[in-house]
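Visitor: Encoded as structure tokens, here's the structure I'll be asking about.
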Amino acid sequence: MSDPFNEFADAAFPYMAEARWMSANAVLRLKGFNTDNTLVDKNDLAPGLLYQSIIFTAIGEIYDDFVIASDKTVGGPPVGEGNMSVVLDSAIAQATEGLAVAGLSNDNRIRLLMMRARARHSKAIWAKLNGAGGAPATTPVATPLVNDAGADADAAAALTALGTLSDYKFKLTPLTQTLGFPVVG
């Protein structure tokens, strides 16, 4: 954030902050509806938790510090550079909570498993690159490869749940709305 020429971090910050708040607000409301027994489809809570996990994972990967405990116009303290791993812990917890939703569809289960695997992998990378208090680890890192048992188990479970679709390939199909912005792919 201190580099005014780093448009990828500073230009995205307002949108990431808004996305963080929106996802938290959506999940809070859905949980409230669920508690009040007015949530018609309990499975609606799962995508909210999935998107919250995606956003928290992105925050943990992109930023060195972030404010999580804020509510729209009420500020909160920053997490702190040395504590950014808690953002990834939150992403893992959100995906885990989504996996416990009653009546979870198989599609949502697969997505949540994939996201939790991704968040666990990101946390393992963070731990590899950061020492005590979030200080950068000495470089080069002695053992740079990351192998997290939880991430491996989630990825394997997602592939099993995919079944015959386990040869999945991501295919980005450009739309007229996205042709002018190729870096998104």
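Chain labels follow the order of the structure tokens: the first chain is A, the next B, and so on; residue numbering restarts at 1 in every chain, and ligands are counted from 1 in their shown order.
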Go through range 69-124 of chain A and flag each residue having an atom no more than 12 Å from range 34-41 of chain A; for those, report the closest pair of atoms plus their distance in Å to one decimal, using only C-alpha atoms, ordered by chain and rising number, as a tab-separated table.
Guide:
```
residue	atom	partner	partner_atom	distance
A:Val101	CA	A:Asn34	CA	10.5
A:Ala102	CA	A:Asp41	CA	9.5
A:Gly103	CA	A:Asp41	CA	8.6
A:Leu104	CA	A:Asp41	CA	9.8
A:Ser105	CA	A:Asp41	CA	10.8
```
Visitor: Taking the DSSP assignment computed from this structure's backbone, write out as a PyMOL selection string all residues of range 21-113 of chain A that belong to helix (DSSP H, G or I).
Guide: chain A and resi 21-35+42-62+81-83+85-99+106-113
Visitor: Name all residues at most 8 Å from Phe66 in chain A (count only C-alpha atoms; drop same-chain ones fewer than 4 positions away) and give them as a list in words.
Guide: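 Residues meeting the cut-off are Ile59, Pro78, Val79, Gly80 and Met84 of chain A.
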Visitor: Go through A:Gly82, A:Ala11, A:Asp65, A:Leu99 and flag the residue nearest Leu45 in chain A, using only C-alpha atoms for the distances.
Guide: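 Among the listed residues, A:Leu99 lies closest to Leu45 in chain A.
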Visitor: Just want the 9 Å neighbourhood of Asn106 in chain A, counted on only C-alpha atoms, with same-chain residues fewer than 4 positions away dropped. Output as a list in words.
Guide: Ile110, Arg111, Ala161 and Leu162 of chain A
Visitor: List as a PDB file with C-alpha atoms, in the first residue's frame the protein and nucleic acid residues near Ala155 in chain A, meaning an atom at most 12 Å away when only C-alpha atoms are counted, but skip any in the same chain fewer than 2 places from it.
Guide:
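For reference, selection_35.pdb as written:
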```pdb
ATOM      1  CA  ARG A 109     -19.600 -29.312  -1.024  1.00  0.00           C
ATOM      2  CA  ILE A 110     -17.091 -29.592  -3.876  1.00  0.00           C
ATOM      3  CA  ARG A 111     -16.619 -25.812  -4.061  1.00  0.00           C
ATOM      4  CA  LEU A 112     -16.155 -25.479  -0.296  1.00  0.00           C
ATOM      5  CA  LEU A 113     -13.670 -28.355  -0.192  1.00  0.00           C
ATOM      6  CA  MET A 114     -11.701 -26.780  -3.027  1.00  0.00           C
ATOM      7  CA  MET A 115     -11.704 -23.395  -1.328  1.00  0.00           C
ATOM      8  CA  ARG A 116     -10.672 -24.818   2.019  1.00  0.00           C
ATOM      9  CA  ALA A 117      -7.821 -26.675   0.297  1.00  0.00           C
ATOM     10  CA  ARG A 118      -6.757 -23.404  -1.323  1.00  0.00           C
ATOM     11  CA  ALA A 119      -6.939 -21.466   1.954  1.00  0.00           C
ATOM     12  CA  ARG A 120      -4.956 -24.162   3.784  1.00  0.00           C
ATOM     13  CA  HIS A 121      -2.332 -24.134   1.027  1.00  0.00           C
ATOM     14  CA  ASP A 148      -0.129 -29.407   3.910  1.00  0.00           C
ATOM     15  CA  ALA A 149      -1.972 -32.588   4.928  1.00  0.00           C
ATOM     16  CA  GLY A 150      -5.279 -30.744   5.380  1.00  0.00           C
ATOM     17  CA  ALA A 151      -5.045 -29.114   1.946  1.00  0.00           C
ATOM     18  CA  ASP A 152      -4.132 -32.468   0.384  1.00  0.00           C
ATOM     19  CA  ALA A 153      -7.069 -34.219   2.097  1.00  0.00           C
ATOM     20  CA  ALA A 157     -12.065 -35.267  -1.209  1.00  0.00           C
ATOM     21  CA  ALA A 158     -13.123 -32.668  -3.784  1.00  0.00           C
ATOM     22  CA  LEU A 159     -11.746 -34.780  -6.635  1.00  0.00           C
ATOM     23  CA  THR A 160     -13.551 -37.823  -5.268  1.00  0.00           C
ATOM     24  CA  ALA A 161     -16.787 -35.848  -5.031  1.00  0.00           C
ATOM     25  CA  LEU A 162     -16.311 -34.709  -8.637  1.00  0.00           C
ATOM     26  CA  SER A 166     -12.233 -35.499 -12.089  1.00  0.00           C
TER      27      SER A 166
END
```
Visitor: Measure the distance from CA of Pro140 in chain A to CA of Ala124 in chain A in Å and round it to one decimal.
Guide: 16.3 Å
Visitor: Taking only C-alpha atoms into account, which of A:Asn83, A:Asn108, A:Thr138, A:Ser122 comes nearest Leu49 in chain A?
Guide: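 Using only C-alpha atoms, the shortest distance to Leu49 in chain A belongs to A:Asn108.
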Visitor: Taking only C-alpha atoms into account, which of A:Gln52, A:Ser23, A:Asn43, A:Thr164 comes nearest Ala95 in chain A?
Guide: A:Gln52
Visitor: Between A:Leu30, A:Ile125, A:Leu145, A:Val67, which is the closest to Pro14 in chain A once you count only C-alpha atoms?
Guide: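 Selected residue with least distance to Pro14 in chain A: A:Val67.
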Visitor: So which residues touch range 88-91 of chain A within 6 Å, counting only C-alpha atoms, skipping near sequence neighbours fewer than 4 positions away, as a VMD selection string?
Guide: chain A and resid 53 56 to 57 60 123
Visitor: Between CA of Asp44 in chain A and CA of Ile68 in chain A, measure the distance and give it in Å to one decimal.
Guide: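 Separation of CA of Asp44 in chain A and CA of Ile68 in chain A: 23.6 Å.
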Visitor: DSSP on the backbone: what in chain A comes out strand (DSSP E or B), as a ChimeraX atom specification?
Guide: /A:67,71,74,78,130,136
Visitor: How would the residues just chosen look if you wrote them out with N, CA and C atoms as a PDB file, in the first residue's frame?
Guide:
```
ATOM      1  N   VAL A  67      -7.963  -4.300   7.760  1.00  0.00           N
ATOM      2  CA  VAL A  67      -8.937  -4.102   8.825  1.00  0.00           C
ATOM      3  C   VAL A  67     -10.094  -5.055   8.575  1.00  0.00           C
ATOM      4  N   ASP A  71     -17.304  -1.998  10.465  1.00  0.00           N
ATOM      5  CA  ASP A  71     -18.671  -2.156   9.983  1.00  0.00           C
ATOM      6  C   ASP A  71     -19.093  -0.892   9.260  1.00  0.00           C
ATOM      7  N   VAL A  74     -17.982   2.490  10.620  1.00  0.00           N
ATOM      8  CA  VAL A  74     -17.310   2.372  11.908  1.00  0.00           C
ATOM      9  C   VAL A  74     -16.001   1.622  11.695  1.00  0.00           C
ATOM     10  N   PRO A  78      -6.435  -2.429  12.550  1.00  0.00           N
ATOM     11  CA  PRO A  78      -5.869  -3.348  11.565  1.00  0.00           C
ATOM     12  C   PRO A  78      -5.427  -4.646  12.234  1.00  0.00           C
ATOM     13  N   ASN A 130       6.967 -16.366   6.339  1.00  0.00           N
ATOM     14  CA  ASN A 130       6.973 -15.436   7.459  1.00  0.00           C
ATOM     15  C   ASN A 130       7.449 -16.125   8.724  1.00  0.00           C
ATOM     16  N   PRO A 136       9.518 -11.342   7.624  1.00  0.00           N
ATOM     17  CA  PRO A 136       9.897 -12.225   6.509  1.00  0.00           C
ATOM     18  C   PRO A 136      10.921 -13.262   6.946  1.00  0.00           C
TER      19      PRO A 136
END
```
Visitor: I'd like to know which of A:Ala46, A:Ala58, A:Trp21, A:Val86 is closest to Ala100 in chain A, using only C-alpha atoms.
Guide: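 When distances to Ala100 in chain A are compared using only C-alpha atoms, the smallest one comes from A:Ala46.
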